[in-house]
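Comments concern the structure below.
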2 protein chains.
Amino acid sequence: MSDIEEQIRQIFEGYKTAVFEKNVEAFLALYDENIHLFDMWEKWSYNGKDAWREMVSNWFGSLGDEKVVVDFDSLTVTATNEIAVVHTFVTYKAVASNGNELRSMNNRLTAALKKSNGTWKIFHEHSSAPLDGNTLKATLQRQ
Amino acid sequence: MSDIEEQIRQIFEGYKTAVFEKNVEAFLALYDENIHLFDMWEKWSYNGKDAWREMVSNWFGSLGDEKVVVDFDSLTVTATNEIAVVHTFVTYKAVASNGNELRSMNNRLTAALKKSNGTWKIFHEHSSAPLDGNTLKATLQRQ
């Protein structure tokens, strides 16, 4: 594995930790100030870290005693010195304060990163799940 | 606009033309052999041009006398000499053989391109529409 790929994978380890700890600032530190997102839920797009901070704060704030365990499957990195592209399947698993699994869903995630001041930051992210062509409903469990 | 950005935008002009002409080979020529896609419909992912060819052939073949007009809105390019990342809103408008509009939908699209043998090719693509958190149904009209 190249040094760059190792650096990129560390970003996604940071993502898992920040979500598990519900640490808004640690989570946002993974992103560029001018982040642009196509997020899976509700809105067509988010522009800028302030809009993203509001979403992330609401998400973590809504969890109460629950924690969310993130896992990446088939995470693939394509990178040069300046830009990296990542695509991966994601599992978000909600666990109760006693560790019991409450529910789980899969997403597909694409992230584009660039190096600014020596550090990789996500400047674009796209998450989704595939739709049934008849009902327009998403499937949240990967077959 | 930089030369690279101009080259990338030409790829998306090629996308519009290939869809309007329902030209499977011209469409597939925009993609790398090892294309990986998170497409909006049905499947969690497509790997490789053969899998993508089947989807595109079925799509174009299903259109009968209809044609599809593609428009990109807010298309944004982030590029170096080797890798480019594009995100854009897309409108797919189906028109009858007399030019009348039949229906229209919006998507969000992310594409990652790399230069191989001097030509930009899409090696990863992700398309989706945002979901309603209660119903899990997608909205296909951008507000």
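Scheme for the structure tokens: letters A, B, ... for chains in order shown; per-chain residue numbers from 1; ligand numbers from 1 in order shown.
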
I need the alpha helix (DSSP H) residues of chain A per DSSP on the backbone, written as a PyMOL selection string. chain A and resi 3-20+24-28+49-61

Considering only C-alpha atoms, give me a table of residues in chain A that are at most 10 Å from chain B, with the closest atom pair and distance in Å for each, as a Markdown table.
| residue | atom | partner | partner_atom | distance |
| --- | --- | --- | --- | --- |
| A:His36 | CA | B:His87 | CA | 8.9 |
| A:Leu37 | CA | B:His87 | CA | 9.3 |
| A:Phe38 | CA | B:Arg108 | CA | 7.1 |
| A:Asp39 | CA | B:Pro130 | CA | 7.0 |
| A:Met40 | CA | B:Pro130 | CA | 5.1 |
| A:Trp41 | CA | B:Leu131 | CA | 4.9 |
| A:Glu42 | CA | B:Asp132 | CA | 5.4 |
| A:Lys43 | CA | B:Pro130 | CA | 6.1 |
| A:Trp44 | CA | B:Pro130 | CA | 5.9 |
| A:Ser45 | CA | B:Pro130 | CA | 8.7 |
| A:Thr78 | CA | B:Ile83 | CA | 8.8 |
| A:Ala79 | CA | B:Ile83 | CA | 7.9 |
| A:Thr80 | CA | B:Ile83 | CA | 7.4 |
| A:Asn81 | CA | B:Thr80 | CA | 9.6 |
| A:Glu82 | CA | B:Thr80 | CA | 7.4 |
| A:Ile83 | CA | B:Ile83 | CA | 6.9 |
| A:Ala84 | CA | B:Ile83 | CA | 8.0 |
| A:Val85 | CA | B:Ala112 | CA | 7.2 |
| A:Val86 | CA | B:His124 | CA | 9.3 |
| A:His87 | CA | B:His124 | CA | 8.2 |
| A:Thr88 | CA | B:Phe38 | CA | 9.7 |
| A:Phe89 | CA | B:Trp44 | CA | 8.9 |
| A:Asn106 | CA | B:Trp44 | CA | 9.9 |
| A:Asn107 | CA | B:Trp44 | CA | 9.0 |
| A:Arg108 | CA | B:Phe38 | CA | 7.1 |
| A:Leu109 | CA | B:His126 | CA | 8.5 |
| A:Thr110 | CA | B:His126 | CA | 7.2 |
| A:Ala111 | CA | B:Thr110 | CA | 9.5 |
| A:Ala112 | CA | B:Val85 | CA | 7.2 |
| A:Leu113 | CA | B:Val85 | CA | 9.6 |
| A:Lys114 | CA | B:Thr78 | CA | 9.4 |
| A:Phe123 | CA | B:Thr78 | CA | 9.6 |
| A:His124 | CA | B:His87 | CA | 8.2 |
| A:Glu125 | CA | B:Thr110 | CA | 8.7 |
| A:His126 | CA | B:Thr110 | CA | 7.2 |
| A:Ser127 | CA | B:Ser128 | CA | 8.1 |
| A:Ser128 | CA | B:Ser128 | CA | 6.1 |
| A:Ala129 | CA | B:Trp44 | CA | 7.1 |
| A:Pro130 | CA | B:Met40 | CA | 5.1 |
| A:Leu131 | CA | B:Trp41 | CA | 4.9 |
| A:Asp132 | CA | B:Glu42 | CA | 5.4 |
| A:Gly133 | CA | B:Trp41 | CA | 6.3 |
| A:Asn134 | CA | B:Glu42 | CA | 9.8 |
| A:Thr135 | CA | B:Lys137 | CA | 7.6 |
| A:Leu136 | CA | B:Lys137 | CA | 5.5 |
| A:Lys137 | CA | B:Lys137 | CA | 4.3 |
| A:Ala138 | CA | B:Leu136 | CA | 5.7 |
| A:Thr139 | CA | B:Leu136 | CA | 8.3 |
| A:Leu140 | CA | B:Leu136 | CA | 8.9 |
| A:Gln141 | CA | B:Trp44 | CA | 9.6 |
| A:Arg142 | CA | B:Trp44 | CA | 6.8 |
| A:Gln143 | CA | B:Trp44 | CA | 8.0 |

Please, could you write that set of residues out with C-alpha atoms as a PDB file, in the first residue's frame?
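Saved as again_27.pdb:
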ATOM      1  CA  HIS A  36     -19.885  20.191  -1.044  1.00  0.00           C
ATOM      2  CA  LEU A  37     -22.064  17.172  -0.234  1.00  0.00           C
ATOM      3  CA  PHE A  38     -24.713  15.098  -1.865  1.00  0.00           C
ATOM      4  CA  ASP A  39     -26.003  13.460   1.320  1.00  0.00           C
ATOM      5  CA  MET A  40     -28.441  10.549   1.260  1.00  0.00           C
ATOM      6  CA  TRP A  41     -31.137  12.245   3.338  1.00  0.00           C
ATOM      7  CA  GLU A  42     -33.646  15.057   2.687  1.00  0.00           C
ATOM      8  CA  LYS A  43     -31.594  17.767   0.984  1.00  0.00           C
ATOM      9  CA  TRP A  44     -30.334  17.920  -2.587  1.00  0.00           C
ATOM     10  CA  SER A  45     -26.976  19.311  -1.444  1.00  0.00           C
ATOM     11  CA  THR A  78      -7.375   6.134  -6.286  1.00  0.00           C
ATOM     12  CA  ALA A  79      -4.871   8.861  -5.523  1.00  0.00           C
ATOM     13  CA  THR A  80      -2.205  11.193  -6.795  1.00  0.00           C
ATOM     14  CA  ASN A  81      -0.172  13.598  -4.649  1.00  0.00           C
ATOM     15  CA  GLU A  82      -2.928  16.203  -4.715  1.00  0.00           C
ATOM     16  CA  ILE A  83      -6.322  14.538  -5.173  1.00  0.00           C
ATOM     17  CA  ALA A  84      -7.746  11.237  -3.966  1.00  0.00           C
ATOM     18  CA  VAL A  85     -11.020   9.501  -4.747  1.00  0.00           C
ATOM     19  CA  VAL A  86     -12.513   6.900  -2.423  1.00  0.00           C
ATOM     20  CA  HIS A  87     -15.519   4.676  -2.892  1.00  0.00           C
ATOM     21  CA  THR A  88     -16.777   2.236  -0.304  1.00  0.00           C
ATOM     22  CA  PHE A  89     -19.775   0.499   1.151  1.00  0.00           C
ATOM     23  CA  ASN A 106     -25.854   0.105   4.487  1.00  0.00           C
ATOM     24  CA  ASN A 107     -24.882   3.102   2.366  1.00  0.00           C
ATOM     25  CA  ARG A 108     -22.674   3.657  -0.640  1.00  0.00           C
ATOM     26  CA  LEU A 109     -20.171   6.433  -0.187  1.00  0.00           C
ATOM     27  CA  THR A 110     -17.899   8.354  -2.547  1.00  0.00           C
ATOM     28  CA  ALA A 111     -15.447  10.902  -1.153  1.00  0.00           C
ATOM     29  CA  ALA A 112     -13.022  13.216  -2.936  1.00  0.00           C
ATOM     30  CA  LEU A 113     -10.093  14.571  -0.943  1.00  0.00           C
ATOM     31  CA  LYS A 114      -7.409  17.135  -1.590  1.00  0.00           C
ATOM     32  CA  PHE A 123     -13.984  18.427  -0.263  1.00  0.00           C
ATOM     33  CA  HIS A 124     -16.836  16.455  -1.821  1.00  0.00           C
ATOM     34  CA  GLU A 125     -18.903  13.543  -0.537  1.00  0.00           C
ATOM     35  CA  HIS A 126     -21.809  11.608  -2.015  1.00  0.00           C
ATOM     36  CA  SER A 127     -23.829   8.983  -0.142  1.00  0.00           C
ATOM     37  CA  SER A 128     -26.839   6.985  -1.272  1.00  0.00           C
ATOM     38  CA  ALA A 129     -28.616   3.651  -1.496  1.00  0.00           C
ATOM     39  CA  PRO A 130     -30.091   2.169  -4.682  1.00  0.00           C
ATOM     40  CA  LEU A 131     -33.744   2.739  -5.559  1.00  0.00           C
ATOM     41  CA  ASP A 132     -36.450   0.319  -6.610  1.00  0.00           C
ATOM     42  CA  GLY A 133     -37.545   1.503 -10.067  1.00  0.00           C
ATOM     43  CA  ASN A 134     -41.232   0.875  -9.375  1.00  0.00           C
ATOM     44  CA  THR A 135     -41.677   2.242  -5.871  1.00  0.00           C
ATOM     45  CA  LEU A 136     -38.782   4.770  -5.799  1.00  0.00           C
ATOM     46  CA  LYS A 137     -38.008   3.362  -2.341  1.00  0.00           C
ATOM     47  CA  ALA A 138     -34.442   2.817  -1.241  1.00  0.00           C
ATOM     48  CA  THR A 139     -33.050  -0.494  -0.095  1.00  0.00           C
ATOM     49  CA  LEU A 140     -30.907  -0.036   3.011  1.00  0.00           C
ATOM     50  CA  GLN A 141     -29.649  -3.608   3.289  1.00  0.00           C
ATOM     51  CA  ARG A 142     -27.014  -4.628   0.793  1.00  0.00           C
ATOM     52  CA  GLN A 143     -27.670  -8.006  -0.828  1.00  0.00           C
TER      53      GLN A 143
END

Which distance in Å separates atom CA of A:Thr17 and atom CA of A:Trp59, to one decimal? 15.2 Å

Find the residues near A:Val70: any atom within 7 Å, counting only C-alpha atoms, skip ones fewer than 6 places away on the same chain, and give them as a ChimeraX atom specification. /A:16,90-93

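Residue neighbourhood of stretch 95-100 of chain A, excluding near-sequence residues (fewer than 5 positions): A:Asp65, A:Glu66, A:Lys67, A:Val68, A:Val69, at 9 Å, using only C-alpha atoms.
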
Saved selection, atoms kept: C-alpha atoms, as a PDB file, in the first residue's frame:
ATOM      1  CA  ASP A  65     -27.577   6.980  24.771  1.00  0.00           C
ATOM      2  CA  GLU A  66     -27.011   5.147  21.513  1.00  0.00           C
ATOM      3  CA  LYS A  67     -23.682   4.905  19.746  1.00  0.00           C
ATOM      4  CA  VAL A  68     -23.052   4.278  16.071  1.00  0.00           C
ATOM      5  CA  VAL A  69     -20.437   1.792  14.899  1.00  0.00           C
TER       6      VAL A  69
END

What's the separation between atom CA of A:Arg103 and atom CA of A:Asp73, in Å to one decimal place? 17.8 Å

Which residues are close to B:Val56, i.e. within 9 Å by only C-alpha atoms, leaving aside same-chain residues fewer than 6 positions away? Reply as a PyMOL selection string. chain B and resi 24+27-28

Backbone-only DSSP, strand (DSSP E) members of stretch 40-109 of chain B, as a ChimeraX atom specification: /B:46-47,67-79,83-95,101-109

A:Asp50, A:Glu101, A:Asp32, A:Glu25: which is nearest A:Ile122, counting only C-alpha atoms? A:Asp32
